[in-house]
Structures are given as C-alpha cells and as structure tokens.
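K.L.:
Have a look at this one.
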Amino acid sequence: MRFRDRRQAGRELAARLRERQDADALPDPLVLALPRGGVAVAAEVAEALGAPLDVLVVRKIGAPRHEEYGVGAMAGDGVPVFDEEALRALGLTQADLAPVVERERAELLRRERLYRQGRPAPDPRGRTVIVVDDGLATGSTARAALRALRALRARDPARLVLAVPVASPEGAATLRPETDDLITLHEPAAFMAVGQWYDEFDQLTDEEVLGALREHQP
C-alpha cells in the first residue's frame, strides 16, 4: 500500500475512523495533529468526523552532531522522553543532551505560540482525543505526545487514540500499550522510513498548518 500524498492518506484513515464513529466507539472526538506533516492527514480526519482540529507540538531530540538521529522527544511542557537503549549505544547520558533539550524546548514553545495564535489549548474533558501523524517509525515522537497527554487524564478525556496511515511493526508494538486504541492502515514488514510509503512527501509550511487549523476551528 502506498499513498499519493498526505491528503489521500488522511481520507483513507478517516474512512476507517468513521466506521468506528458509526459504531459509537469515538464519542465527541477531538483531533490533535503532530505538526507539521500530521496536520494534512489530521485535517481530512477532522473533516470526516465533524471534529475540531488542533495541534500537539512535539520536538525530536537529536544526538549531538547527528541531529537527524533521534534519541528522544518532548511535547507540551512535559519532561523529555528518551530512548535509553539509543543513549547507551552512543555513550550518552540525559545530562549530555541538556543543551539540545533547551534548544528544542524553545522551538517547541515558538511553534505553539505561532500555531495557536493566542488560542488556549483545547479542553479534552469527556472527549475522545485522537492523535494523528503521517506515519510511525520508531515511535519516539508519538510516545512523547501520548505521555504528555497522560497529564490530561486528570481532566477526564474519555479515550486516547493514536491514528496513523502507516507504521513500522516495531513502532506499532511499542505504542499499543501507550494508548487506548492504535489505528493503522498498513504495517509493512520492510519499513525503513515513513516517506517511502508516499509518492509526495514534501514538508508542510507554517502557513499551510495555520490554514488547516483556521478551517477546522469550532
């Protein structure tokens, strides 16, 4: 299974979620996208479910001098989530990554301010919170998002769902215990990167993210 672009992937994922909504398994949904790529997928989901769309900003924590290699991630004002196995393999400690964490925290806050435009964070009380991304590789980014949302449990969301068009089998297995429901369309065994399952996988701009959010505000 391949997707032409994120919008097509979002429509197919939305169809799967609509089936669950029709079975009363997704009461009062709130869709939270992981920007930037997840926003294009989530916009289709929000449209199909008649749900509001917002963002949950997550930042990858890359290894020093090898920033593309993620060793952790963070979301909201939660503590960073680290891949301890990766840290051991690189001979790193969490303290070694303090400068990276500080830099990524600043970028995270900048993006939250930009994308929210003064709006408060959405209230999840009594709602089904559906976290959407364009794919799931190692799962470190989504794990940070889900763990940040656990703090919202005190505000009584009804369910916490993670929905992605494509996932690595290992990433999916890792994250199933982190959520009430993990919904994927495709978990290919030969998985190297999320982008390999899309014909078009260009990065979204901040302007495109803002446009999608404006379109789907309650």
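Going through the structure tokens in order, the chains are called A, B, and so on, while each chain numbers its residues from 1 and the ligands are numbered from 1 in the order shown.
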So which residues touch stretch 131-146 of chain A within 8 Å, counting only C-alpha atoms, skipping near sequence neighbours fewer than 4 positions away, as a PyMOL selection string?
P.N.:
chain A and resi 6+9+31-35+37-39+41-42+56-60+70-76+80-83+150+160-168+170-172+174-175+178-179+191-194
K.L.:
Go ahead and dump the residues you just picked, N, CA and C atoms, as a short mmCIF file (atom, residue, chain, number, x, y, z; two decimals), in the first residue's frame.
P.N.:
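Wrote it out as again_13.cif, contents follow:
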```cif
data_model
loop_
_atom_site.label_atom_id
_atom_site.label_comp_id
_atom_site.auth_asym_id
_atom_site.auth_seq_id
_atom_site.Cartn_x
_atom_site.Cartn_y
_atom_site.Cartn_z
N ARG A 6 -0.31 13.12 1.59
CA ARG A 6 -0.89 13.06 2.94
C ARG A 6 -2.40 13.22 2.91
N ALA A 9 -3.89 9.88 2.15
CA ALA A 9 -3.72 9.04 3.33
C ALA A 9 -4.73 9.43 4.41
N VAL A 31 -9.52 16.08 17.47
CA VAL A 31 -8.37 15.62 16.68
C VAL A 31 -7.18 16.53 16.97
N LEU A 32 -6.07 15.92 17.39
CA LEU A 32 -4.83 16.63 17.64
C LEU A 32 -3.77 16.12 16.66
N ALA A 33 -3.24 17.04 15.85
CA ALA A 33 -2.24 16.67 14.84
C ALA A 33 -0.84 16.91 15.37
N LEU A 34 0.09 16.05 14.97
CA LEU A 34 1.50 16.28 15.25
C LEU A 34 2.08 17.04 14.06
N PRO A 35 2.40 18.34 14.25
CA PRO A 35 2.88 19.14 13.11
C PRO A 35 4.35 18.82 12.81
N GLY A 37 3.81 17.53 9.40
CA GLY A 37 3.24 16.56 8.45
C GLY A 37 1.91 15.99 8.85
N GLY A 38 1.70 15.78 10.15
CA GLY A 38 0.46 15.19 10.61
C GLY A 38 -0.75 16.07 10.40
N VAL A 39 -0.54 17.37 10.20
CA VAL A 39 -1.67 18.29 10.08
C VAL A 39 -2.47 18.01 8.80
N VAL A 41 -2.84 15.19 7.23
CA VAL A 41 -3.60 13.96 7.43
C VAL A 41 -4.76 14.23 8.37
N ALA A 42 -4.49 14.92 9.47
CA ALA A 42 -5.49 15.16 10.50
C ALA A 42 -6.63 16.05 10.01
N LEU A 56 -0.68 19.24 18.61
CA LEU A 56 0.12 18.87 19.77
C LEU A 56 1.57 18.91 19.29
N VAL A 57 2.26 19.97 19.66
CA VAL A 57 3.61 20.19 19.13
C VAL A 57 4.59 19.28 19.84
N VAL A 58 5.35 18.54 19.06
CA VAL A 58 6.35 17.60 19.57
C VAL A 58 7.67 17.90 18.88
N ARG A 59 8.76 17.83 19.63
CA ARG A 59 10.08 18.06 19.05
C ARG A 59 10.97 16.85 19.30
N LYS A 60 11.65 16.44 18.24
CA LYS A 60 12.62 15.36 18.36
C LYS A 60 13.88 15.88 19.04
N GLY A 70 17.30 10.53 16.10
CA GLY A 70 16.53 10.86 17.28
C GLY A 70 16.81 9.93 18.45
N VAL A 71 17.09 10.51 19.59
CA VAL A 71 17.30 9.72 20.81
C VAL A 71 16.24 10.05 21.87
N GLY A 72 15.29 10.87 21.49
CA GLY A 72 14.22 11.23 22.41
C GLY A 72 13.29 12.24 21.77
N ALA A 73 12.32 12.67 22.54
CA ALA A 73 11.36 13.67 22.05
C ALA A 73 10.66 14.28 23.25
N MET A 74 9.99 15.42 23.01
CA MET A 74 9.21 16.05 24.08
C MET A 74 8.01 16.75 23.47
N ALA A 75 6.99 16.91 24.32
CA ALA A 75 5.75 17.55 23.88
C ALA A 75 5.22 18.41 25.01
N GLY A 76 4.57 19.52 24.63
CA GLY A 76 3.99 20.40 25.64
C GLY A 76 5.02 20.82 26.67
N PRO A 80 11.16 15.42 28.85
CA PRO A 80 11.57 14.68 27.65
C PRO A 80 11.46 13.18 27.85
N VAL A 81 11.15 12.48 26.78
CA VAL A 81 11.12 11.02 26.78
C VAL A 81 12.32 10.55 25.97
N PHE A 82 13.21 9.79 26.60
CA PHE A 82 14.44 9.36 25.95
C PHE A 82 14.40 7.88 25.60
N ASP A 83 15.11 7.54 24.52
CA ASP A 83 15.35 6.15 24.14
C ASP A 83 16.62 5.71 24.85
N ARG A 150 -1.05 12.18 28.86
CA ARG A 150 -1.45 11.50 30.08
C ARG A 150 -1.76 12.49 31.20
N LEU A 160 -8.09 7.82 24.60
CA LEU A 160 -6.89 8.34 23.95
C LEU A 160 -6.54 7.40 22.80
N VAL A 161 -6.63 7.92 21.57
CA VAL A 161 -6.45 7.11 20.36
C VAL A 161 -5.29 7.68 19.55
N LEU A 162 -4.45 6.81 19.01
CA LEU A 162 -3.40 7.20 18.06
C LEU A 162 -3.76 6.62 16.71
N ALA A 163 -3.78 7.47 15.67
CA ALA A 163 -4.17 7.03 14.33
C ALA A 163 -3.15 7.50 13.31
N VAL A 164 -2.60 6.55 12.54
CA VAL A 164 -1.61 6.87 11.51
C VAL A 164 -1.89 6.01 10.28
N PRO A 165 -1.59 6.53 9.08
CA PRO A 165 -1.80 5.72 7.88
C PRO A 165 -0.85 4.52 7.78
N VAL A 166 0.41 4.70 8.20
CA VAL A 166 1.40 3.64 8.05
C VAL A 166 2.32 3.63 9.27
N ALA A 167 2.72 2.42 9.67
CA ALA A 167 3.57 2.29 10.85
C ALA A 167 4.50 1.11 10.68
N SER A 168 5.68 1.21 11.26
CA SER A 168 6.55 0.04 11.34
C SER A 168 5.95 -0.93 12.35
N GLU A 170 7.43 -2.64 14.55
CA GLU A 170 8.08 -2.45 15.85
C GLU A 170 7.53 -1.21 16.55
N GLY A 171 7.36 -0.12 15.80
CA GLY A 171 6.82 1.09 16.39
C GLY A 171 5.41 0.90 16.88
N ALA A 172 4.60 0.18 16.09
CA ALA A 172 3.22 -0.07 16.49
C ALA A 172 3.17 -0.91 17.75
N THR A 174 5.36 -1.11 20.08
CA THR A 174 5.84 -0.32 21.21
C THR A 174 4.75 0.60 21.74
N LEU A 175 3.93 1.15 20.86
CA LEU A 175 2.98 2.18 21.27
C LEU A 175 1.60 1.66 21.62
N GLU A 178 0.61 2.24 25.09
CA GLU A 178 0.59 3.64 25.50
C GLU A 178 -0.76 4.32 25.25
N THR A 179 -1.67 3.63 24.57
CA THR A 179 -2.92 4.27 24.14
C THR A 179 -4.08 3.32 24.31
N PHE A 191 10.01 -1.88 6.40
CA PHE A 191 9.80 -0.47 6.72
C PHE A 191 11.13 0.18 7.02
N MET A 192 11.48 1.24 6.24
CA MET A 192 12.71 1.97 6.51
C MET A 192 12.44 3.40 6.95
N ALA A 193 11.42 4.04 6.35
CA ALA A 193 11.09 5.42 6.69
C ALA A 193 9.65 5.69 6.28
N VAL A 194 9.02 6.63 6.96
CA VAL A 194 7.62 6.97 6.65
C VAL A 194 7.50 7.44 5.19
#
```
K.L.:
Counting only C-alpha atoms, what is within 6 Å of stretch 197-210 of chain A, bar same-chain residues fewer than 4 positions away, as a list in words?
P.N.:
Arg2, Phe3, Arg4, Asp5 and Arg36 of chain A
K.L.:
For the selection you just gave me, I'd like the residues written to a file as a short mmCIF file (atom, residue, chain, number, x, y, z; two decimals), in the first residue's frame, keeping N, CA and C atoms.
P.N.:
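Wrote part31.cif, looks like this:
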```
data_model
loop_
_atom_site.label_atom_id
_atom_site.label_comp_id
_atom_site.auth_asym_id
_atom_site.auth_seq_id
_atom_site.Cartn_x
_atom_site.Cartn_y
_atom_site.Cartn_z
N ARG A 2 0.61 2.14 -0.94
CA ARG A 2 1.27 3.43 -0.98
C ARG A 2 0.20 4.51 -1.04
N PHE A 3 0.60 5.71 -0.65
CA PHE A 3 -0.31 6.85 -0.68
C PHE A 3 0.23 7.89 -1.65
N ARG A 4 -0.67 8.53 -2.39
CA ARG A 4 -0.23 9.58 -3.30
C ARG A 4 0.37 10.74 -2.51
N ASP A 5 -0.34 11.17 -1.47
CA ASP A 5 0.13 12.27 -0.64
C ASP A 5 -0.57 12.17 0.72
N ARG A 36 4.77 19.06 11.53
CA ARG A 36 3.86 19.67 10.58
C ARG A 36 3.11 18.61 9.75
#
```
K.L.:
Write out as a compact mmCIF listing (two decimals) with C-alpha atoms, in the first residue's frame which residues come within 7 Å of A:Leu13 when counting only C-alpha atoms, dropping same-chain ones fewer than 3 positions away.
P.N.:
```txt
# COMPACT_ATOMS: atom_id res chain seq x y z
CA ALA A 9 -3.72 9.04 3.33
CA GLY A 10 -5.90 11.21 5.56
CA ARG A 16 -11.52 3.74 8.96
CA LEU A 17 -12.23 6.11 11.82
CA VAL A 45 -9.85 13.13 9.65
CA PRO A 165 -1.80 5.72 7.88
CA LEU A 185 -3.90 1.16 7.76
```
K.L.:
Quick one: of A:Asp77, A:Glu187, A:Glu84, A:Glu44, who's nearest to A:Leu108, counting only C-alpha atoms?
P.N.:
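That would be A:Asp77, the residue with the smallest distance to A:Leu108.
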K.L.:
What residues in stretch 52-215 of chain A get the DSSP label strand (DSSP E or B)? Please answer as a ChimeraX atom specification.
P.N.:
/A:53-55,58-63,66-75,81-82,128-132,136,159-167,181-186,198
K.L.:
Give me every helix (DSSP H, G or I) residue in stretch 8-206 of chain A, going by DSSP on the backbone, as JSON, numbers by chain.
P.N.:
{"A": [8, 9, 10, 11, 12, 13, 14, 15, 16, 17, 18, 19, 20, 21, 22, 37, 38, 39, 40, 41, 42, 43, 44, 45, 46, 47, 48, 49, 84, 85, 86, 87, 88, 89, 90, 95, 96, 97, 98, 99, 100, 101, 102, 103, 104, 105, 106, 107, 108, 109, 110, 111, 112, 113, 114, 115, 116, 140, 141, 142, 143, 144, 145, 146, 147, 148, 149, 150, 151, 152, 153, 154, 155, 169, 170, 171, 172, 173, 174, 175, 176, 177, 178, 194, 195, 196, 197, 206]}
K.L.:
Store the residues picked out above in a file with C-alpha atoms, as a PDB file, in the first residue's frame.
P.N.:
```
ATOM      1  CA  GLN A   8      -5.150  10.835   0.298  1.00  0.00           C
ATOM      2  CA  ALA A   9      -3.722   9.043   3.332  1.00  0.00           C
ATOM      3  CA  GLY A  10      -5.895  11.212   5.561  1.00  0.00           C
ATOM      4  CA  ARG A  11      -9.042  10.367   3.600  1.00  0.00           C
ATOM      5  CA  GLU A  12      -8.354   6.635   3.851  1.00  0.00           C
ATOM      6  CA  LEU A  13      -7.575   6.901   7.556  1.00  0.00           C
ATOM      7  CA  ALA A  14     -10.723   8.986   8.040  1.00  0.00           C
ATOM      8  CA  ALA A  15     -12.820   6.257   6.426  1.00  0.00           C
ATOM      9  CA  ARG A  16     -11.515   3.739   8.955  1.00  0.00           C
ATOM     10  CA  LEU A  17     -12.225   6.109  11.820  1.00  0.00           C
ATOM     11  CA  ARG A  18     -15.722   6.868  10.508  1.00  0.00           C
ATOM     12  CA  GLU A  19     -16.521   3.162  10.789  1.00  0.00           C
ATOM     13  CA  ARG A  20     -15.635   3.325  14.480  1.00  0.00           C
ATOM     14  CA  GLN A  21     -17.524   6.552  14.938  1.00  0.00           C
ATOM     15  CA  ASP A  22     -20.614   5.000  13.349  1.00  0.00           C
ATOM     16  CA  GLY A  37       3.244  16.561   8.451  1.00  0.00           C
ATOM     17  CA  GLY A  38       0.465  15.188  10.609  1.00  0.00           C
ATOM     18  CA  VAL A  39      -1.672  18.287  10.079  1.00  0.00           C
ATOM     19  CA  ALA A  40      -2.502  17.476   6.442  1.00  0.00           C
ATOM     20  CA  VAL A  41      -3.596  13.962   7.433  1.00  0.00           C
ATOM     21  CA  ALA A  42      -5.492  15.157  10.501  1.00  0.00           C
ATOM     22  CA  ALA A  43      -7.392  17.827   8.560  1.00  0.00           C
ATOM     23  CA  GLU A  44      -9.057  15.096   6.487  1.00  0.00           C
ATOM     24  CA  VAL A  45      -9.848  13.132   9.647  1.00  0.00           C
ATOM     25  CA  ALA A  46     -11.351  16.167  11.393  1.00  0.00           C
ATOM     26  CA  GLU A  47     -13.474  16.958   8.323  1.00  0.00           C
ATOM     27  CA  ALA A  48     -14.848  13.425   8.100  1.00  0.00           C
ATOM     28  CA  LEU A  49     -15.596  13.130  11.815  1.00  0.00           C
ATOM     29  CA  GLU A  84      17.602   4.695  26.808  1.00  0.00           C
ATOM     30  CA  GLU A  85      18.882   1.955  24.513  1.00  0.00           C
ATOM     31  CA  ALA A  86      19.975   4.535  21.949  1.00  0.00           C
ATOM     32  CA  LEU A  87      21.671   6.616  24.648  1.00  0.00           C
ATOM     33  CA  ARG A  88      23.641   3.598  25.855  1.00  0.00           C
ATOM     34  CA  ALA A  89      24.672   2.697  22.306  1.00  0.00           C
ATOM     35  CA  LEU A  90      26.032   6.224  21.781  1.00  0.00           C
ATOM     36  CA  ALA A  95      22.653  15.333  31.118  1.00  0.00           C
ATOM     37  CA  ASP A  96      24.775  15.376  27.935  1.00  0.00           C
ATOM     38  CA  LEU A  97      21.653  16.365  25.996  1.00  0.00           C
ATOM     39  CA  ALA A  98      20.665  19.313  28.201  1.00  0.00           C
ATOM     40  CA  PRO A  99      21.716  21.939  25.587  1.00  0.00           C
ATOM     41  CA  VAL A 100      19.766  20.120  22.865  1.00  0.00           C
ATOM     42  CA  VAL A 101      16.712  19.872  25.115  1.00  0.00           C
ATOM     43  CA  GLU A 102      16.902  23.594  25.891  1.00  0.00           C
ATOM     44  CA  ARG A 103      17.113  24.497  22.206  1.00  0.00           C
ATOM     45  CA  GLU A 104      14.269  22.197  21.192  1.00  0.00           C
ATOM     46  CA  ARG A 105      12.100  23.408  24.077  1.00  0.00           C
ATOM     47  CA  ALA A 106      12.486  26.976  22.832  1.00  0.00           C
ATOM     48  CA  GLU A 107      11.477  25.922  19.309  1.00  0.00           C
ATOM     49  CA  LEU A 108       8.549  23.930  20.681  1.00  0.00           C
ATOM     50  CA  LEU A 109       7.225  26.971  22.554  1.00  0.00           C
ATOM     51  CA  ARG A 110       7.743  29.186  19.483  1.00  0.00           C
ATOM     52  CA  ARG A 111       5.678  26.839  17.333  1.00  0.00           C
ATOM     53  CA  GLU A 112       2.937  26.521  19.945  1.00  0.00           C
ATOM     54  CA  ARG A 113       2.622  30.320  20.049  1.00  0.00           C
ATOM     55  CA  LEU A 114       2.624  30.523  16.251  1.00  0.00           C
ATOM     56  CA  TYR A 115       0.093  27.756  15.646  1.00  0.00           C
ATOM     57  CA  ARG A 116      -2.283  28.644  18.481  1.00  0.00           C
ATOM     58  CA  SER A 140       9.672   8.156  19.919  1.00  0.00           C
ATOM     59  CA  THR A 141       7.826  11.290  18.781  1.00  0.00           C
ATOM     60  CA  ALA A 142       4.367   9.795  19.193  1.00  0.00           C
ATOM     61  CA  ARG A 143       5.375   8.307  22.548  1.00  0.00           C
ATOM     62  CA  ALA A 144       6.308  11.754  23.834  1.00  0.00           C
ATOM     63  CA  ALA A 145       2.965  13.109  22.608  1.00  0.00           C
ATOM     64  CA  LEU A 146       0.957  10.352  24.266  1.00  0.00           C
ATOM     65  CA  ARG A 147       2.825  10.655  27.530  1.00  0.00           C
ATOM     66  CA  ALA A 148       2.307  14.404  27.538  1.00  0.00           C
ATOM     67  CA  LEU A 149      -1.406  13.763  27.067  1.00  0.00           C
ATOM     68  CA  ARG A 150      -1.454  11.499  30.076  1.00  0.00           C
ATOM     69  CA  ALA A 151      -1.381  14.651  32.152  1.00  0.00           C
ATOM     70  CA  LEU A 152      -4.770  15.416  30.636  1.00  0.00           C
ATOM     71  CA  ARG A 153      -6.180  12.286  32.271  1.00  0.00           C
ATOM     72  CA  ALA A 154      -6.760  14.426  35.348  1.00  0.00           C
ATOM     73  CA  ARG A 155      -9.167  16.394  33.145  1.00  0.00           C
ATOM     74  CA  PRO A 169       5.532  -3.182  13.099  1.00  0.00           C
ATOM     75  CA  GLU A 170       8.080  -2.448  15.845  1.00  0.00           C
ATOM     76  CA  GLY A 171       6.824   1.094  16.389  1.00  0.00           C
ATOM     77  CA  ALA A 172       3.221  -0.073  16.485  1.00  0.00           C
ATOM     78  CA  ALA A 173       4.002  -2.809  19.007  1.00  0.00           C
ATOM     79  CA  THR A 174       5.837  -0.316  21.209  1.00  0.00           C
ATOM     80  CA  LEU A 175       2.979   2.177  21.266  1.00  0.00           C
ATOM     81  CA  ARG A 176      -0.052  -0.079  21.642  1.00  0.00           C
ATOM     82  CA  PRO A 177       0.346  -0.174  25.445  1.00  0.00           C
ATOM     83  CA  GLU A 178       0.592   3.642  25.500  1.00  0.00           C
ATOM     84  CA  VAL A 194       7.622   6.974   6.645  1.00  0.00           C
ATOM     85  CA  GLY A 195       8.347   8.856   3.414  1.00  0.00           C
ATOM     86  CA  GLN A 196       8.937   5.660   1.424  1.00  0.00           C
ATOM     87  CA  TRP A 197       5.172   4.988   1.543  1.00  0.00           C
ATOM     88  CA  ASP A 206       3.813  27.034   8.772  1.00  0.00           C
TER      89      ASP A 206
END
```
K.L.:
From the list A:Val79, A:Thr128, A:His186, A:Gln117, which residue is nearest A:Asp24 when using only C-alpha atoms?
P.N.:
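Distance minimum relative to A:Asp24 lands on A:Thr128.
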